[in-house]
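The next block is my_file.cif, given as mmCIF, C-alpha atoms.
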data_work
#
loop_
_atom_site.group_PDB
_atom_site.id
_atom_site.type_symbol
_atom_site.label_atom_id
_atom_site.label_comp_id
_atom_site.auth_asym_id
_atom_site.auth_seq_id
_atom_site.Cartn_x
_atom_site.Cartn_y
_atom_site.Cartn_z
ATOM 1 C CA MET A 11 -18.097 -47.704 -24.906
ATOM 2 C CA HIS A 12 -14.998 -45.655 -24.125
ATOM 3 C CA PRO A 13 -11.758 -47.430 -23.204
ATOM 4 C CA ARG A 14 -10.924 -47.709 -19.535
ATOM 5 C CA LYS A 15 -9.569 -44.449 -18.130
ATOM 6 C CA ARG A 16 -6.666 -44.378 -15.701
ATOM 7 C CA GLN A 17 -7.263 -43.066 -12.214
ATOM 8 C CA ARG A 18 -5.818 -39.593 -11.763
ATOM 9 C CA LYS A 19 -3.752 -38.908 -8.659
ATOM 10 C CA ASN A 20 -5.943 -35.877 -7.928
ATOM 11 C CA ALA A 21 -9.200 -37.820 -8.261
ATOM 12 C CA SER A 22 -10.442 -37.072 -4.718
ATOM 13 C CA ALA A 23 -10.132 -33.301 -5.104
ATOM 14 C CA MET A 24 -11.713 -33.388 -8.541
ATOM 15 C CA LYS A 25 -14.640 -35.435 -7.232
ATOM 16 C CA LEU A 26 -15.169 -32.937 -4.407
ATOM 17 C CA VAL A 27 -15.349 -29.997 -6.819
ATOM 18 C CA GLY A 28 -17.578 -32.025 -9.127
ATOM 19 C CA ALA A 29 -19.927 -32.857 -6.277
ATOM 20 C CA GLN A 30 -20.110 -29.161 -5.367
ATOM 21 C CA LEU A 31 -21.036 -28.264 -8.919
ATOM 22 C CA ALA A 32 -23.737 -30.939 -9.001
ATOM 23 C CA MET A 33 -25.190 -29.650 -5.712
ATOM 24 C CA PHE A 34 -25.231 -26.028 -6.906
ATOM 25 C CA ARG A 35 -26.778 -27.044 -10.232
ATOM 26 C CA GLU A 36 -29.543 -29.045 -8.586
ATOM 27 C CA ALA A 37 -30.234 -26.215 -6.126
ATOM 28 C CA ALA A 38 -30.732 -23.956 -9.154
ATOM 29 C CA GLY A 39 -33.261 -26.428 -10.567
ATOM 30 C CA LEU A 40 -31.187 -27.214 -13.652
ATOM 31 C CA THR A 41 -30.411 -30.491 -15.399
ATOM 32 C CA GLN A 42 -26.915 -31.162 -16.746
ATOM 33 C CA ARG A 43 -28.203 -30.600 -20.266
ATOM 34 C CA GLU A 44 -29.820 -27.277 -19.339
ATOM 35 C CA LEU A 45 -26.660 -26.046 -17.612
ATOM 36 C CA ALA A 46 -24.491 -27.096 -20.556
ATOM 37 C CA SER A 47 -26.780 -25.186 -22.913
ATOM 38 C CA LEU A 48 -26.701 -22.033 -20.778
ATOM 39 C CA ILE A 49 -22.898 -21.841 -20.754
ATOM 40 C CA ASN A 50 -22.490 -23.158 -24.311
ATOM 41 C CA VAL A 51 -20.500 -26.326 -23.584
ATOM 42 C CA ASN A 52 -21.074 -29.969 -24.422
ATOM 43 C CA LEU A 53 -23.256 -32.050 -22.082
ATOM 44 C CA GLU A 54 -20.379 -34.516 -21.654
ATOM 45 C CA THR A 55 -18.219 -31.691 -20.299
ATOM 46 C CA ILE A 56 -20.603 -31.019 -17.406
ATOM 47 C CA ALA A 57 -21.115 -34.727 -16.741
ATOM 48 C CA SER A 58 -17.356 -35.382 -16.703
ATOM 49 C CA ILE A 59 -16.681 -32.523 -14.278
ATOM 50 C CA GLU A 60 -19.462 -33.570 -11.903
ATOM 51 C CA GLN A 61 -18.200 -37.166 -11.920
ATOM 52 C CA GLY A 62 -14.644 -36.039 -11.147
ATOM 53 C CA ARG A 63 -13.292 -37.282 -14.471
ATOM 54 C CA ARG A 64 -12.316 -33.855 -15.790
ATOM 55 C CA PRO A 65 -10.869 -30.832 -13.942
ATOM 56 C CA LEU A 66 -12.975 -27.688 -13.705
ATOM 57 C CA LYS A 67 -11.017 -24.942 -15.469
ATOM 58 C CA PRO A 68 -10.708 -21.535 -13.751
ATOM 59 C CA ASP A 69 -12.494 -19.579 -16.481
ATOM 60 C CA LEU A 70 -15.401 -21.998 -16.509
ATOM 61 C CA ALA A 71 -15.576 -21.887 -12.691
ATOM 62 C CA VAL A 72 -15.995 -18.100 -12.828
ATOM 63 C CA GLN A 73 -18.734 -18.440 -15.437
ATOM 64 C CA LEU A 74 -20.569 -21.071 -13.389
ATOM 65 C CA ASP A 75 -20.320 -19.070 -10.164
ATOM 66 C CA ARG A 76 -21.895 -16.111 -11.931
ATOM 67 C CA LEU A 77 -24.698 -18.162 -13.452
ATOM 68 C CA LEU A 78 -25.478 -20.223 -10.346
ATOM 69 C CA GLU A 79 -24.972 -17.266 -7.969
ATOM 70 C CA THR A 80 -22.604 -19.248 -5.765
ATOM 71 C CA LYS A 81 -20.507 -16.301 -4.508
ATOM 72 C CA ARG A 82 -17.204 -17.479 -6.057
ATOM 73 C CA ALA A 83 -17.387 -20.866 -4.324
ATOM 74 C CA LEU A 84 -16.279 -22.814 -7.394
ATOM 75 C CA GLU A 85 -13.629 -20.260 -8.368
ATOM 76 C CA THR A 86 -12.210 -20.448 -4.825
ATOM 77 C CA ALA A 87 -12.244 -24.259 -4.829
ATOM 78 C CA VAL A 88 -10.351 -24.429 -8.128
ATOM 79 C CA ALA A 89 -7.833 -21.785 -6.977
ATOM 80 C CA ASN A 90 -7.077 -23.812 -3.826
ATOM 81 C CA MET A 91 -6.779 -27.268 -5.342
ATOM 82 C CA PRO A 92 -3.800 -29.364 -4.130
ATOM 83 C CA GLU A 93 -0.519 -28.553 -5.845
ATOM 84 C CA ILE A 94 -0.733 -31.600 -8.082
ATOM 85 C CA ASP A 95 -3.934 -30.130 -9.528
ATOM 86 C CA LEU A 96 -2.205 -26.870 -10.402
ATOM 87 C CA ILE A 97 -0.195 -28.836 -12.978
ATOM 88 C CA PRO A 98 -2.875 -30.672 -14.984
ATOM 89 C CA ALA A 99 -2.193 -34.237 -16.100
ATOM 90 C CA TRP A 100 -2.204 -33.076 -19.714
ATOM 91 C CA ALA A 101 -1.630 -36.466 -21.252
ATOM 92 C CA GLU A 102 -4.603 -37.981 -19.436
ATOM 93 C CA GLN A 103 -6.795 -34.969 -20.155
ATOM 94 C CA TYR A 104 -5.722 -35.042 -23.786
ATOM 95 C CA MET A 105 -6.732 -38.694 -24.156
ATOM 96 C CA ASP A 106 -10.188 -37.900 -22.762
ATOM 97 C CA LEU A 107 -10.524 -35.080 -25.297
ATOM 98 C CA GLU A 108 -9.238 -37.314 -28.091
ATOM 99 C CA ARG A 109 -11.962 -39.898 -27.401
ATOM 100 C CA GLU A 110 -14.655 -37.240 -27.720
ATOM 101 C CA ALA A 111 -13.177 -35.216 -30.608
ATOM 102 C CA ILE A 112 -14.964 -34.874 -33.945
ATOM 103 C CA ALA A 113 -11.769 -34.054 -35.879
ATOM 104 C CA LEU A 114 -8.066 -34.707 -35.344
ATOM 105 C CA SER A 115 -4.983 -33.616 -37.282
ATOM 106 C CA SER A 116 -1.559 -34.977 -36.348
ATOM 107 C CA TYR A 117 1.948 -34.191 -37.602
ATOM 108 C CA GLN A 118 4.671 -36.585 -36.410
ATOM 109 C CA ASN A 119 8.388 -36.585 -37.220
ATOM 110 C CA GLN A 120 9.800 -38.952 -34.569
ATOM 111 C CA VAL A 121 7.680 -42.126 -34.554
ATOM 112 C CA VAL A 122 4.473 -43.377 -36.159
ATOM 113 C CA PRO A 123 1.454 -41.641 -34.558
ATOM 114 C CA GLY A 124 0.233 -43.543 -31.508
ATOM 115 C CA GLN A 125 -3.211 -44.029 -33.051
ATOM 116 C CA LEU A 126 -1.585 -45.950 -35.937
ATOM 117 C CA GLN A 127 0.996 -48.045 -34.077
ATOM 118 C CA THR A 128 0.896 -51.828 -34.000
ATOM 119 C CA GLU A 129 1.329 -53.544 -30.651
ATOM 120 C CA ASN A 130 4.853 -54.724 -31.535
ATOM 121 C CA TYR A 131 5.876 -51.257 -32.738
ATOM 122 C CA ALA A 132 4.482 -49.600 -29.594
ATOM 123 C CA ARG A 133 6.409 -52.101 -27.476
ATOM 124 C CA ALA A 134 9.605 -51.269 -29.373
ATOM 125 C CA VAL A 135 8.989 -47.547 -28.783
ATOM 126 C CA PHE A 136 8.615 -47.993 -25.026
ATOM 127 C CA ARG A 137 11.621 -50.320 -24.854
ATOM 128 C CA SER A 138 13.708 -47.479 -26.298
ATOM 129 C CA ARG A 139 12.954 -45.200 -23.336
ATOM 130 C CA ILE A 140 15.653 -44.053 -20.906
ATOM 131 C CA PRO A 141 15.451 -44.641 -17.941
ATOM 132 C CA ILE A 142 14.544 -48.205 -18.897
ATOM 133 C CA LEU A 143 10.968 -49.290 -18.165
ATOM 134 C CA ASP A 144 10.273 -52.727 -16.689
ATOM 135 C CA GLU A 145 8.201 -55.186 -18.711
ATOM 136 C CA ASP A 146 5.066 -54.752 -16.583
ATOM 137 C CA GLU A 147 5.110 -50.986 -17.134
ATOM 138 C CA ILE A 148 5.754 -51.446 -20.856
ATOM 139 C CA THR A 149 2.792 -53.827 -21.101
ATOM 140 C CA LYS A 150 0.516 -51.313 -19.368
ATOM 141 C CA ARG A 151 1.612 -48.463 -21.625
ATOM 142 C CA VAL A 152 1.218 -50.549 -24.763
ATOM 143 C CA ALA A 153 -2.304 -51.544 -23.717
ATOM 144 C CA THR A 154 -3.246 -47.907 -23.115
ATOM 145 C CA ARG A 155 -1.842 -46.895 -26.511
ATOM 146 C CA ILE A 156 -3.731 -49.632 -28.348
ATOM 147 C CA GLU A 157 -6.967 -48.659 -26.564
ATOM 148 C CA ARG A 158 -6.687 -45.187 -28.099
ATOM 149 C CA GLN A 159 -7.113 -46.698 -31.548
ATOM 150 C CA GLU A 160 -10.836 -47.140 -30.934
ATOM 151 C CA ILE A 161 -11.270 -43.703 -32.524
ATOM 152 C CA LEU A 162 -10.377 -45.254 -35.894
ATOM 153 C CA GLN A 163 -13.274 -47.704 -35.686
ATOM 154 C CA ARG A 164 -16.168 -45.480 -34.665
ATOM 155 C CA LYS A 165 -19.598 -46.277 -36.065
ATOM 156 C CA ASN A 166 -19.752 -42.649 -37.203
ATOM 157 C CA PRO A 167 -16.133 -42.029 -38.279
ATOM 158 C CA MET A 168 -14.437 -38.856 -37.155
ATOM 159 C CA SER A 169 -12.304 -36.849 -39.555
ATOM 160 C CA ILE A 170 -8.657 -37.817 -38.960
ATOM 161 C CA SER A 171 -5.606 -36.541 -40.838
ATOM 162 C CA PHE A 172 -2.018 -37.649 -40.349
ATOM 163 C CA VAL A 173 1.127 -36.153 -41.879
ATOM 164 C CA ILE A 174 4.228 -38.279 -41.207
ATOM 165 C CA TRP A 175 7.811 -37.340 -42.082
ATOM 166 C CA GLN A 176 9.297 -40.002 -44.363
ATOM 167 C CA PRO A 177 12.294 -40.925 -42.132
ATOM 168 C CA VAL A 178 9.787 -42.213 -39.564
ATOM 169 C CA LEU A 179 8.831 -44.941 -42.039
ATOM 170 C CA MET A 180 12.495 -45.811 -42.612
ATOM 171 C CA LEU A 181 13.372 -46.097 -38.921
ATOM 172 C CA ARG A 182 13.531 -49.815 -38.115
ATOM 173 C CA LEU A 183 12.305 -49.997 -34.545
ATOM 174 C CA GLY A 184 12.318 -53.559 -33.265
ATOM 175 C CA ASP A 185 13.096 -56.372 -35.698
ATOM 176 C CA GLY A 186 12.349 -56.600 -39.422
ATOM 177 C CA GLU A 187 8.984 -58.233 -38.808
ATOM 178 C CA THR A 188 7.958 -55.351 -36.530
ATOM 179 C CA HIS A 189 8.894 -52.820 -39.208
ATOM 180 C CA THR A 190 7.092 -54.692 -41.983
ATOM 181 C CA GLY A 191 4.025 -55.189 -39.819
ATOM 182 C CA GLN A 192 3.893 -51.478 -39.044
ATOM 183 C CA ILE A 193 4.120 -50.447 -42.714
ATOM 184 C CA ARG A 194 1.452 -52.998 -43.618
ATOM 185 C CA HIS A 195 -0.775 -51.637 -40.819
ATOM 186 C CA LEU A 196 -0.358 -48.065 -42.105
ATOM 187 C CA ARG A 197 -1.345 -49.281 -45.571
ATOM 188 C CA ALA A 198 -4.526 -50.821 -44.138
ATOM 189 C CA CYS A 199 -5.362 -47.745 -42.049
ATOM 190 C CA ALA A 200 -5.096 -45.581 -45.167
ATOM 191 C CA GLU A 201 -8.221 -47.339 -46.451
ATOM 192 C CA LEU A 202 -10.333 -46.621 -43.352
ATOM 193 C CA PRO A 203 -13.305 -44.230 -43.714
ATOM 194 C CA GLY A 204 -12.474 -40.705 -42.595
ATOM 195 C CA VAL A 205 -8.729 -41.394 -42.299
ATOM 196 C CA SER A 206 -6.151 -39.520 -44.391
ATOM 197 C CA ILE A 207 -2.464 -40.456 -44.223
ATOM 198 C CA GLN A 208 0.124 -38.339 -46.040
ATOM 199 C CA VAL A 209 3.898 -38.647 -46.041
ATOM 200 C CA MET A 210 6.131 -35.566 -46.001
ATOM 201 C CA PRO A 211 8.871 -36.701 -48.417
ATOM 202 C CA LEU A 212 12.587 -36.272 -47.871
ATOM 203 C CA ASP A 213 13.006 -34.219 -51.032
ATOM 204 C CA ARG A 214 11.119 -31.238 -49.575
ATOM 205 C CA GLY A 215 13.809 -28.676 -48.855
ATOM 206 C CA ALA A 216 11.857 -27.191 -45.932
ATOM 207 C CA HIS A 217 8.418 -27.271 -44.357
ATOM 208 C CA PRO A 218 6.589 -25.202 -41.691
ATOM 209 C CA ALA A 219 6.762 -27.728 -38.827
ATOM 210 C CA LEU A 220 10.491 -27.928 -38.193
ATOM 211 C CA ASP A 221 9.814 -27.035 -34.544
ATOM 212 C CA GLY A 222 8.438 -30.522 -33.940
ATOM 213 C CA PRO A 223 5.292 -32.677 -33.813
ATOM 214 C CA PHE A 224 1.849 -31.456 -32.749
ATOM 215 C CA ILE A 225 -1.812 -32.449 -32.801
ATOM 216 C CA LEU A 226 -4.941 -30.376 -33.458
ATOM 217 C CA LEU A 227 -8.361 -31.335 -32.075
ATOM 218 C CA GLU A 228 -11.919 -30.125 -32.628
ATOM 219 C CA THR A 229 -14.242 -30.963 -29.709
ATOM 220 C CA PRO A 230 -17.975 -31.774 -30.021
ATOM 221 C CA ASP A 231 -18.775 -28.182 -28.988
ATOM 222 C CA HIS A 232 -16.420 -26.923 -31.751
ATOM 223 C CA GLN A 233 -13.628 -25.803 -29.481
ATOM 224 C CA TYR A 234 -10.233 -25.944 -31.180
ATOM 225 C CA LEU A 235 -7.247 -27.201 -29.170
ATOM 226 C CA ALA A 236 -3.653 -28.170 -29.824
ATOM 227 C CA TYR A 237 -1.416 -30.670 -28.057
ATOM 228 C CA ALA A 238 2.380 -30.802 -28.177
ATOM 229 C CA GLU A 239 4.873 -33.131 -26.495
ATOM 230 C CA THR A 240 8.476 -32.473 -25.530
ATOM 231 C CA GLN A 241 11.236 -34.637 -24.068
ATOM 232 C CA ARG A 242 10.073 -34.057 -20.488
ATOM 233 C CA GLY A 243 6.428 -33.088 -20.668
ATOM 234 C CA SER A 244 3.475 -32.086 -22.760
ATOM 235 C CA GLN A 245 1.188 -29.105 -23.222
ATOM 236 C CA LEU A 246 -2.472 -28.685 -24.065
ATOM 237 C CA ILE A 247 -2.961 -25.381 -25.888
ATOM 238 C CA SER A 248 -6.315 -23.569 -25.925
ATOM 239 C CA ASP A 249 -5.218 -19.998 -26.724
ATOM 240 C CA LEU A 250 -6.973 -19.197 -30.009
ATOM 241 C CA ASP A 251 -4.026 -17.303 -31.494
ATOM 242 C CA GLU A 252 -1.592 -20.135 -30.773
ATOM 243 C CA VAL A 253 -3.986 -22.783 -32.097
ATOM 244 C CA SER A 254 -4.534 -20.694 -35.224
ATOM 245 C CA ILE A 255 -0.786 -20.561 -35.890
ATOM 246 C CA LEU A 256 -0.515 -24.348 -35.655
ATOM 247 C CA ALA A 257 -3.610 -24.802 -37.832
ATOM 248 C CA GLN A 258 -1.997 -22.632 -40.519
ATOM 249 C CA ARG A 259 1.173 -24.696 -40.304
ATOM 250 C CA TYR A 260 -0.778 -27.929 -40.645
ATOM 251 C CA ALA A 261 -2.658 -26.623 -43.673
ATOM 252 C CA MET A 262 0.680 -25.831 -45.327
ATOM 253 C CA LEU A 263 2.052 -29.269 -44.367
ATOM 254 C CA ARG A 264 -0.829 -30.966 -46.181
ATOM 255 C CA THR A 265 -0.117 -29.026 -49.353
ATOM 256 C CA GLN A 266 3.578 -29.981 -49.274
ATOM 257 C CA ALA A 267 3.136 -33.654 -48.313
ATOM 258 C CA LEU A 268 2.426 -36.440 -50.790
ATOM 259 C CA ASN A 269 -1.273 -36.825 -51.493
ATOM 260 C CA GLN A 270 -3.163 -39.896 -50.267
ATOM 261 C CA GLU A 271 -2.689 -41.853 -53.490
ATOM 262 C CA ASP A 272 1.051 -41.175 -53.707
ATOM 263 C CA THR A 273 1.454 -41.999 -50.017
ATOM 264 C CA VAL A 274 -0.193 -45.397 -50.531
ATOM 265 C CA GLY A 275 2.130 -45.957 -53.487
ATOM 266 C CA LEU A 276 5.137 -45.192 -51.286
ATOM 267 C CA LEU A 277 3.926 -47.636 -48.616
ATOM 268 C CA ASP A 278 3.469 -50.314 -51.275
ATOM 269 C CA ARG A 279 7.024 -49.733 -52.509
ATOM 270 C CA LEU A 280 8.387 -49.981 -48.976
ATOM 271 C CA LEU A 281 6.571 -53.297 -48.515
ATOM 272 C CA GLY A 282 7.979 -54.515 -51.824
ATOM 273 C CA GLU A 283 11.512 -53.766 -50.671
ATOM 274 C CA GLN A 284 11.304 -56.015 -47.597
#
Please lay out the structure from this file as structure tokens.
Amino acid sequence: MHPRKRQRKNASAMKLVGAQLAMFREAAGLTQRELASLINVNLETIASIEQGRRPLKPDLAVQLDRLLETKRALETAVANMPEIDLIPAWAEQYMDLEREAIALSSYQNQVVPGQLQTENYARAVFRSRIPILDEDEITKRVATRIERQEILQRKNPMSISFVIWQPVLMLRLGDGETHTGQIRHLRACAELPGVSIQVMPLDRGAHPALDGPFILLETPDHQYLAYAETQRGSQLISDLDEVSILAQRYAMLRTQALNQEDTVGLLDRLLGEQ
């Protein structure tokens, strides 16, 4: 079962478009599975759109209008969504994609990847935010972050790779117990099936990801996406050329980072220094 998903502010508009798609599909005598097959997307994609859980993208709307012979009805609906829908809630959409992904690669140089954070570490991260968050909001955000870690415990493990810059492991967020607990948790996660954790050591003179952290995803229908966060926002990247550039950078990062065995050795040494 997937973790609880937060209600999007544009849920009503998304449900309306989803209901329209369901009506047009049924009028064409197609099941969700049949429609998904005809346009070469995953069944879950169609189901999520029809249920108002995922926005209908403009290019897919055009494709559906053509297939269902709906005279640009879906394209027009998407083009005239409320303003809030013109700026997708990337973080929420990303988390939906992350739950469904079959492969994930993450480079982080600021904090431990969210999927690997302990509850105490996540709380320390959110307490560092400016403007200051109140305790209720921090608790909600921590709970959402911990829910994401379900992907590490799947019955059929996905392929997950993390490259973490070494200073992240040396940054003592929270108290000493929080730091030790986080290192110990990373050590345990390194033993999970399908999970690879590598540290980019300080003695590397340079590496190809100096522009900042990013994540690569492969969806169940083998679509490749990238996700990048900045100080004041985030971006989901689907352009194949841009994703390819980041994939090449990540491949180079893995060759320059410590291998899995040496990374575990480094974590053990850090625990021994506490």
Range 188-229 of chain A residues near range 158-169 of chain A within 12 Å, closest pair each, using all atoms listed in the file, as a tab-separated table:
residue	atom	partner	partner_atom	distance
A:Ala198	CA	A:Leu162	CA	11.5
A:Cys199	CA	A:Leu162	CA	8.3
A:Ala200	CA	A:Leu162	CA	10.7
A:Glu201	CA	A:Leu162	CA	11.0
A:Leu202	CA	A:Leu162	CA	7.6
A:Pro203	CA	A:Pro167	CA	6.5
A:Gly204	CA	A:Ser169	CA	4.9
A:Val205	CA	A:Ser169	CA	6.4
A:Ser206	CA	A:Ser169	CA	8.3
A:Ile207	CA	A:Ser169	CA	11.5
A:Leu226	CA	A:Ser169	CA	11.5
A:Leu227	CA	A:Ser169	CA	10.1
A:Glu228	CA	A:Ser169	CA	9.7
A:Thr229	CA	A:Met168	CA	10.9
- request: Take CA of Ala132 in chain A and CA of Gly282 in chain A and report the distance between them in Å, one decimal.
  value: 23.0 Å
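Take CA of Leu212 in chain A and CA of Leu183 in chain A: the distance between them is 19.1 Å.
Distances from A:Trp175, A:Gln241, A:Ala71, A:Ser254 to Arg139 in chain A were compared using only C-alpha atoms, and the smallest one belongs to A:Gln241.
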message: I'd like to know which of A:Thr86, A:Gln208, A:Gln30, A:Gln270 is closest to Ser116 in chain A, using all atoms listed in the file.
response: A:Gln208
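For the pair CA of Gly215 in chain A and CA of His195 in chain A, the separation is 28.4 Å.
Using all atoms listed in the file, the nearest neighbour of Ala113 in chain A within the list A:Leu31, A:Leu84, A:Val274, A:Leu235 is A:Leu235.
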message: At a cut-off of 10 Å, using all atoms listed in the file, what residues contact Asp278 in chain A? Leave out same-chain residues fewer than 6 positions from it and give the result as a VMD selection string.
response: chain A and resid 193 to 194 197 272
- prompt: Hey, what comes out of the PyMOL selection byres ((chain A and resi 180) around 12) on this file? Could you write it as a PyMOL selection string?
  reply: chain A and resi 119-122+174-179+181-183+186+189-190+192-193+209+211-212+276-277+279-281+283-284
field: Sel. within 10 Å of pt (2.3, -53.6, -27.1), counting all atoms listed in the file, output as number ranges by chain
entry: A: 127-136, 148-156
task: Evaluate the PyMOL selection byres ((chain A and resi 55-58) around 10) on the structure here and hand back the selected residues as a PyMOL selection string.
output: chain A and resi 25+28+31-32+42-43+45-46+51-54+59-66+106-107+110+230-231
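This file gives the following result for the PyMOL selection byres ((chain A and resi 253) around 12): Phe224, Ile225, Leu226, Leu227, Glu228, Gln233, Tyr234, Leu235, Ala236, Tyr237, Ala238, Leu246, Ile247, Ser248, Asp249, Leu250, Asp251, Glu252, Ser254, Ile255, Leu256, Ala257, Gln258, Arg259 and Tyr260 of chain A.
Between Ala267 in chain A and the residues A:His217, A:His232, A:Arg109, A:Arg137, the shortest atom-to-atom distance, using all atoms listed in the file, involves A:His217.
Counting all atoms listed in the file, Arg76 in chain A has the following residues at most 12 Å away, ignoring those fewer than 5 positions along the same chain: A:Phe34, A:Leu48, A:Ile49, A:Asp69, A:Leu70, A:Ala71, A:Lys81, A:Arg82, A:Ala83, A:Leu84, A:Glu85.
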